[in-house]
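Below: the structure, in structure tokens.
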Protein chains: 2
Amino acid sequence: MNFLEERIMQDGVVKEGNVLKVDSFLNHQMDIDLFNQMGEEFKKRFADKSINKILTIEASGIGIACIVAQYFQVPVVFAKKSKSINIEGEMYVAEVESFTHRCKNQVIVSKKFLGPDDHVLIIDDFLANGCALQGLIQIVQSAGGTVEGIGIAIEKGFQPGGRMIRNLGYQLESLAIVESMDATTGNICFRDSSQQEKGKSGTL
Amino acid sequence: MNFLEERIMQDGVVKEGNVLKVDSFLNHQMDIDLFNQMGEEFKKRFADKSINKILTIEASGIGIACIVAQYFQVPVVFAKKSKSINIEGEMYVAEVESFTHRCKNQVIVSKKFLGPDDHVLIIDDFLANGCALQGLIQIVQSAGGTVEGIGIAIEKGFQPGGRMIRNLGYQLESLAIVESMDATTGNICFRDSSQQEKGKSGTL
């Protein structure tokens, strides 16, 4: 087990409905030392990529993205979930369905902050169905930019998002992939890293 | 002028309706080096305070709070703006009016992450009417915790939030206080730091 899997075993709580609560260290209270470990690890995994911008989506992706950005020495842009009166002018827009909130959102990024010269690392806390990620990829493509990679803290391996994104050829690195979890026993099974590697080379 | 005032002069844009757009470095695209300078500065200004937690509010406060947290070696908790199905159990709730979005929100923090032992530094990107800040203070008080200080990137000095919070006796440190701005000329006037100091000692 790596540092994140160990932390999930220690502090994560499995709830009915395939909900994994990690709000004590990831997405409500945030452990900044842990985020720094994640930054180091993403820097290793994307060492061969030339990245000049990190893109994430509000709200819980922002903290991780900002700490990770320090390892790449790049600015962060976060996609917003609703139109604000402070954002005017032209924007990239994508439609995103939220599993957690059971609603559809438009996510928007100002055209000023993404363009054809951008080599983007997308960062988010969770990957399940991949809806948010599809929206972010769509936005980078609309801008004519390049998605150099995708870094996720926790992937729900039993939901289709990860497989779909990997099948599209993207380098998707999830620091912990939950294969299954059981709300009754509290047990959590992670995908074996070697299996993860094998699966990746099989699809690329 | 300090580093943040200089950056606002360089990249901030004044819009009609007393809107100051700083989305190229503060609250849409985020300059992480600048956030680190802010962290250093807040650490200086709150050097005599014993702080064990940073509290902020989604979304644009999160990035600053996470970088600033590295200078205090503490975790960050962010208040959420709407009830999520992933947050269950007991929560602290405060009502907050948003100037930008012209609507009322409930902001919530899980009771697990704030308590009587917490000595809290509140961090946010903007202070105007102070509604968000009042909500956060109220939440810390509900938890029985102590607000050790409040660190703001940009305060609109011509709106009542700052004065009100200082009159309540809180140590409120705003890195840039805009006294006035003019959408026609693009001119921005900052409050003189010495005047700021005088105002502060006068109210405490």
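Residue numbers start at 1 in each chain; chains themselves are named A, B, ... in the order of the structure tokens; ligands are numbered from 1 in the order shown.
Shell of A:Glu95 at 7 Å, with only C-alpha atoms counted and residues fewer than 2 places along the chain excluded, is Val93, Glu97, Lys104, Asn105, Gln106, Val107 and Gly135 of chain A.
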Residues from the last selection, N, CA, C and O atoms, saved as a short mmCIF file (atom, residue, chain, number, x, y, z; two decimals), in the first residue's frame:
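Output (part.cif):
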```cif
data_model
loop_
_atom_site.label_atom_id
_atom_site.label_comp_id
_atom_site.auth_asym_id
_atom_site.auth_seq_id
_atom_site.Cartn_x
_atom_site.Cartn_y
_atom_site.Cartn_z
N VAL A 93 -17.25 26.48 -22.17
CA VAL A 93 -18.33 25.92 -21.35
C VAL A 93 -18.46 24.43 -21.61
O VAL A 93 -18.37 23.98 -22.76
N GLU A 97 -22.27 16.46 -15.16
CA GLU A 97 -23.23 15.88 -14.23
C GLU A 97 -22.50 15.55 -12.93
O GLU A 97 -21.40 15.02 -12.96
N LYS A 104 -27.07 18.66 -12.79
CA LYS A 104 -26.19 19.05 -13.90
C LYS A 104 -25.67 20.46 -13.68
O LYS A 104 -26.39 21.34 -13.23
N ASN A 105 -24.40 20.66 -13.97
CA ASN A 105 -23.81 21.98 -13.86
C ASN A 105 -23.14 22.33 -15.18
O ASN A 105 -22.64 21.45 -15.87
N GLN A 106 -23.10 23.61 -15.46
CA GLN A 106 -22.19 24.07 -16.50
C GLN A 106 -20.89 24.39 -15.82
O GLN A 106 -20.87 25.07 -14.79
N VAL A 107 -19.78 23.92 -16.36
CA VAL A 107 -18.49 24.36 -15.85
C VAL A 107 -17.87 25.28 -16.89
O VAL A 107 -18.00 25.06 -18.09
N GLY A 135 -15.71 16.92 -18.79
CA GLY A 135 -15.93 18.35 -18.98
C GLY A 135 -14.62 19.11 -19.05
O GLY A 135 -14.44 19.99 -19.91
#
```
Quiz prompt | Residues within 9 Å of B:Leu34, only C-alpha atoms, excluding chain neighbours under 6 positions, as a ChimeraX atom specification | solution = /B:3-4,7,25-26
For stretch 65-133 of chain A versus stretch 170-192 of chain A, which residues have an atom no more than 10 Å away, and what is each residue's nearest atom pair and distance in Å rounded to one decimal, using only C-alpha atoms, chain-then-number order, as JSON lines?
```
{"residue": "A:Leu121", "atom": "CA", "partner": "A:Gln171", "partner_atom": "CA", "distance": 9.9}
{"residue": "A:Ile122", "atom": "CA", "partner": "A:Leu172", "partner_atom": "CA", "distance": 9.3}
{"residue": "A:Ile123", "atom": "CA", "partner": "A:Glu173", "partner_atom": "CA", "distance": 9.7}
{"residue": "A:Asp124", "atom": "CA", "partner": "A:Ser174", "partner_atom": "CA", "distance": 9.6}
{"residue": "A:Asp125", "atom": "CA", "partner": "A:Ser174", "partner_atom": "CA", "distance": 9.4}
{"residue": "A:Phe126", "atom": "CA", "partner": "A:Ser174", "partner_atom": "CA", "distance": 8.9}
{"residue": "A:Leu127", "atom": "CA", "partner": "A:Ser174", "partner_atom": "CA", "distance": 8.4}
```
Self-check item: Among listed residues B:Ile51, B:Glu40, B:Val22, B:Gln29, nearest A:Val74 (using only C-alpha atoms)
Solution: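 Ranking B:Ile51, B:Glu40, B:Val22, B:Gln29 by distance to A:Val74, first place goes to B:Gln29.
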Quiz item: Do you know which residues are at most 9 Å from B:Asn52 counting only C-alpha atoms, after dropping those on the same chain fewer than 5 positions away, and could you put them as a list in words?
Solution: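 These residues fall inside the cut-off: Phe72, Gln73, Val74, Pro75, Asp117, Asp118, His119, Val120 and Leu121 of chain B.
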Just to be explicit: take each residue in the selection above, keep N, CA, C and O atoms, and write the result as a short mmCIF file (atom, residue, chain, number, x, y, z; two decimals), in the first residue's frame.
```cif
data_model
loop_
_atom_site.label_atom_id
_atom_site.label_comp_id
_atom_site.auth_asym_id
_atom_site.auth_seq_id
_atom_site.Cartn_x
_atom_site.Cartn_y
_atom_site.Cartn_z
N PHE B 72 2.13 27.78 8.59
CA PHE B 72 1.68 27.57 9.97
C PHE B 72 1.71 26.09 10.36
O PHE B 72 1.47 25.75 11.52
N GLN B 73 1.97 25.23 9.35
CA GLN B 73 2.01 23.78 9.60
C GLN B 73 0.72 23.28 10.24
O GLN B 73 0.76 22.55 11.24
N VAL B 74 -0.40 23.68 9.66
CA VAL B 74 -1.70 23.28 10.21
C VAL B 74 -2.62 22.80 9.08
O VAL B 74 -2.38 23.13 7.92
N PRO B 75 -3.64 22.03 9.41
CA PRO B 75 -4.62 21.64 8.39
C PRO B 75 -5.58 22.78 8.06
O PRO B 75 -5.70 23.75 8.81
N ASP B 117 -11.05 23.37 21.37
CA ASP B 117 -9.58 23.45 21.44
C ASP B 117 -8.97 24.16 20.23
O ASP B 117 -7.75 24.31 20.16
N ASP B 118 -9.80 24.55 19.30
CA ASP B 118 -9.25 25.10 18.06
C ASP B 118 -8.98 26.60 18.13
O ASP B 118 -9.84 27.38 18.56
N HIS B 119 -7.77 26.97 17.71
CA HIS B 119 -7.33 28.35 17.61
C HIS B 119 -7.18 28.64 16.12
O HIS B 119 -6.23 28.19 15.49
N VAL B 120 -8.13 29.40 15.60
CA VAL B 120 -8.36 29.42 14.17
C VAL B 120 -7.89 30.72 13.53
O VAL B 120 -8.14 31.82 14.04
N LEU B 121 -7.18 30.56 12.41
CA LEU B 121 -6.92 31.68 11.51
C LEU B 121 -7.88 31.56 10.34
O LEU B 121 -7.91 30.53 9.65
#
```
Practice problem: Could you check which of A:Met30, A:Leu20, A:Leu133, A:Val14 is closest to A:Gly151, using only C-alpha atoms? | Solution: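 Result for the nearest residue to A:Gly151: A:Leu133.
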Report as JSON lines: every residue of chain B with an atom at most 9 Å from chain A, its closest pair of atoms, and their distance in Å to one decimal, counting only C-alpha atoms, with rows sorted by chain and ascending residue number.
```
{"residue": "B:Val19", "atom": "CA", "partner": "A:Asn86", "partner_atom": "CA", "distance": 7.4}
{"residue": "B:Leu20", "atom": "CA", "partner": "A:Asn86", "partner_atom": "CA", "distance": 8.6}
{"residue": "B:Lys21", "atom": "CA", "partner": "A:Asn86", "partner_atom": "CA", "distance": 7.1}
{"residue": "B:Asp23", "atom": "CA", "partner": "A:Ile87", "partner_atom": "CA", "distance": 8.3}
{"residue": "B:Ser24", "atom": "CA", "partner": "A:Phe113", "partner_atom": "CA", "distance": 7.4}
{"residue": "B:Phe25", "atom": "CA", "partner": "A:Pro75", "partner_atom": "CA", "distance": 8.4}
{"residue": "B:Asn27", "atom": "CA", "partner": "A:Phe78", "partner_atom": "CA", "distance": 8.4}
{"residue": "B:His28", "atom": "CA", "partner": "A:Val77", "partner_atom": "CA", "distance": 5.7}
{"residue": "B:Gln29", "atom": "CA", "partner": "A:Val77", "partner_atom": "CA", "distance": 4.2}
{"residue": "B:Met30", "atom": "CA", "partner": "A:Val76", "partner_atom": "CA", "distance": 5.1}
{"residue": "B:Asp31", "atom": "CA", "partner": "A:Pro75", "partner_atom": "CA", "distance": 5.1}
{"residue": "B:Ile32", "atom": "CA", "partner": "A:Pro75", "partner_atom": "CA", "distance": 6.0}
{"residue": "B:Asp33", "atom": "CA", "partner": "A:Gln70", "partner_atom": "CA", "distance": 8.2}
{"residue": "B:Glu58", "atom": "CA", "partner": "A:Ala59", "partner_atom": "CA", "distance": 6.1}
{"residue": "B:Ala59", "atom": "CA", "partner": "A:Ala59", "partner_atom": "CA", "distance": 5.2}
{"residue": "B:Ser60", "atom": "CA", "partner": "A:Ala59", "partner_atom": "CA", "distance": 8.2}
{"residue": "B:Ile62", "atom": "CA", "partner": "A:Gly63", "partner_atom": "CA", "distance": 5.8}
{"residue": "B:Gly63", "atom": "CA", "partner": "A:Gly63", "partner_atom": "CA", "distance": 5.2}
{"residue": "B:Ile64", "atom": "CA", "partner": "A:Cys66", "partner_atom": "CA", "distance": 8.3}
{"residue": "B:Ala65", "atom": "CA", "partner": "A:Gly63", "partner_atom": "CA", "distance": 8.1}
{"residue": "B:Cys66", "atom": "CA", "partner": "A:Gly63", "partner_atom": "CA", "distance": 5.8}
{"residue": "B:Ile67", "atom": "CA", "partner": "A:Ile67", "partner_atom": "CA", "distance": 6.7}
{"residue": "B:Ala69", "atom": "CA", "partner": "A:Ile32", "partner_atom": "CA", "distance": 7.3}
{"residue": "B:Gln70", "atom": "CA", "partner": "A:Ile32", "partner_atom": "CA", "distance": 7.0}
{"residue": "B:Gln73", "atom": "CA", "partner": "A:Ile32", "partner_atom": "CA", "distance": 8.1}
{"residue": "B:Val74", "atom": "CA", "partner": "A:Ile32", "partner_atom": "CA", "distance": 7.5}
{"residue": "B:Pro75", "atom": "CA", "partner": "A:Asp31", "partner_atom": "CA", "distance": 5.2}
{"residue": "B:Val76", "atom": "CA", "partner": "A:Met30", "partner_atom": "CA", "distance": 5.1}
{"residue": "B:Val77", "atom": "CA", "partner": "A:Gln29", "partner_atom": "CA", "distance": 4.2}
{"residue": "B:Phe78", "atom": "CA", "partner": "A:His28", "partner_atom": "CA", "distance": 5.8}
{"residue": "B:Ala79", "atom": "CA", "partner": "A:His28", "partner_atom": "CA", "distance": 7.6}
{"residue": "B:Lys80", "atom": "CA", "partner": "A:His28", "partner_atom": "CA", "distance": 8.0}
{"residue": "B:Lys83", "atom": "CA", "partner": "A:His101", "partner_atom": "CA", "distance": 8.8}
{"residue": "B:Ser84", "atom": "CA", "partner": "A:His101", "partner_atom": "CA", "distance": 6.3}
{"residue": "B:Ile85", "atom": "CA", "partner": "A:Thr100", "partner_atom": "CA", "distance": 6.5}
{"residue": "B:Asn86", "atom": "CA", "partner": "A:Thr100", "partner_atom": "CA", "distance": 6.9}
{"residue": "B:Ile87", "atom": "CA", "partner": "A:Asp23", "partner_atom": "CA", "distance": 8.3}
{"residue": "B:Thr100", "atom": "CA", "partner": "A:Ile85", "partner_atom": "CA", "distance": 6.5}
{"residue": "B:His101", "atom": "CA", "partner": "A:Ser84", "partner_atom": "CA", "distance": 6.2}
{"residue": "B:Val109", "atom": "CA", "partner": "A:His28", "partner_atom": "CA", "distance": 8.1}
{"residue": "B:Ser110", "atom": "CA", "partner": "A:His28", "partner_atom": "CA", "distance": 8.2}
{"residue": "B:Lys112", "atom": "CA", "partner": "A:Ser24", "partner_atom": "CA", "distance": 8.1}
{"residue": "B:Phe113", "atom": "CA", "partner": "A:Gln29", "partner_atom": "CA", "distance": 6.7}
```
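The alpha helix (DSSP H) portion of stretch 28-85 of chain A consists of Ile32, Asp33, Leu34, Phe35, Asn36, Gln37, Met38, Gly39, Glu40, Glu41, Phe42, Lys43, Lys44, Arg45, Ser60, Gly61, Ile62, Gly63, Ile64, Ala65, Cys66, Ile67, Val68, Ala69, Gln70, Tyr71 and Phe72 of chain A, with states taken from DSSP on the backbone.
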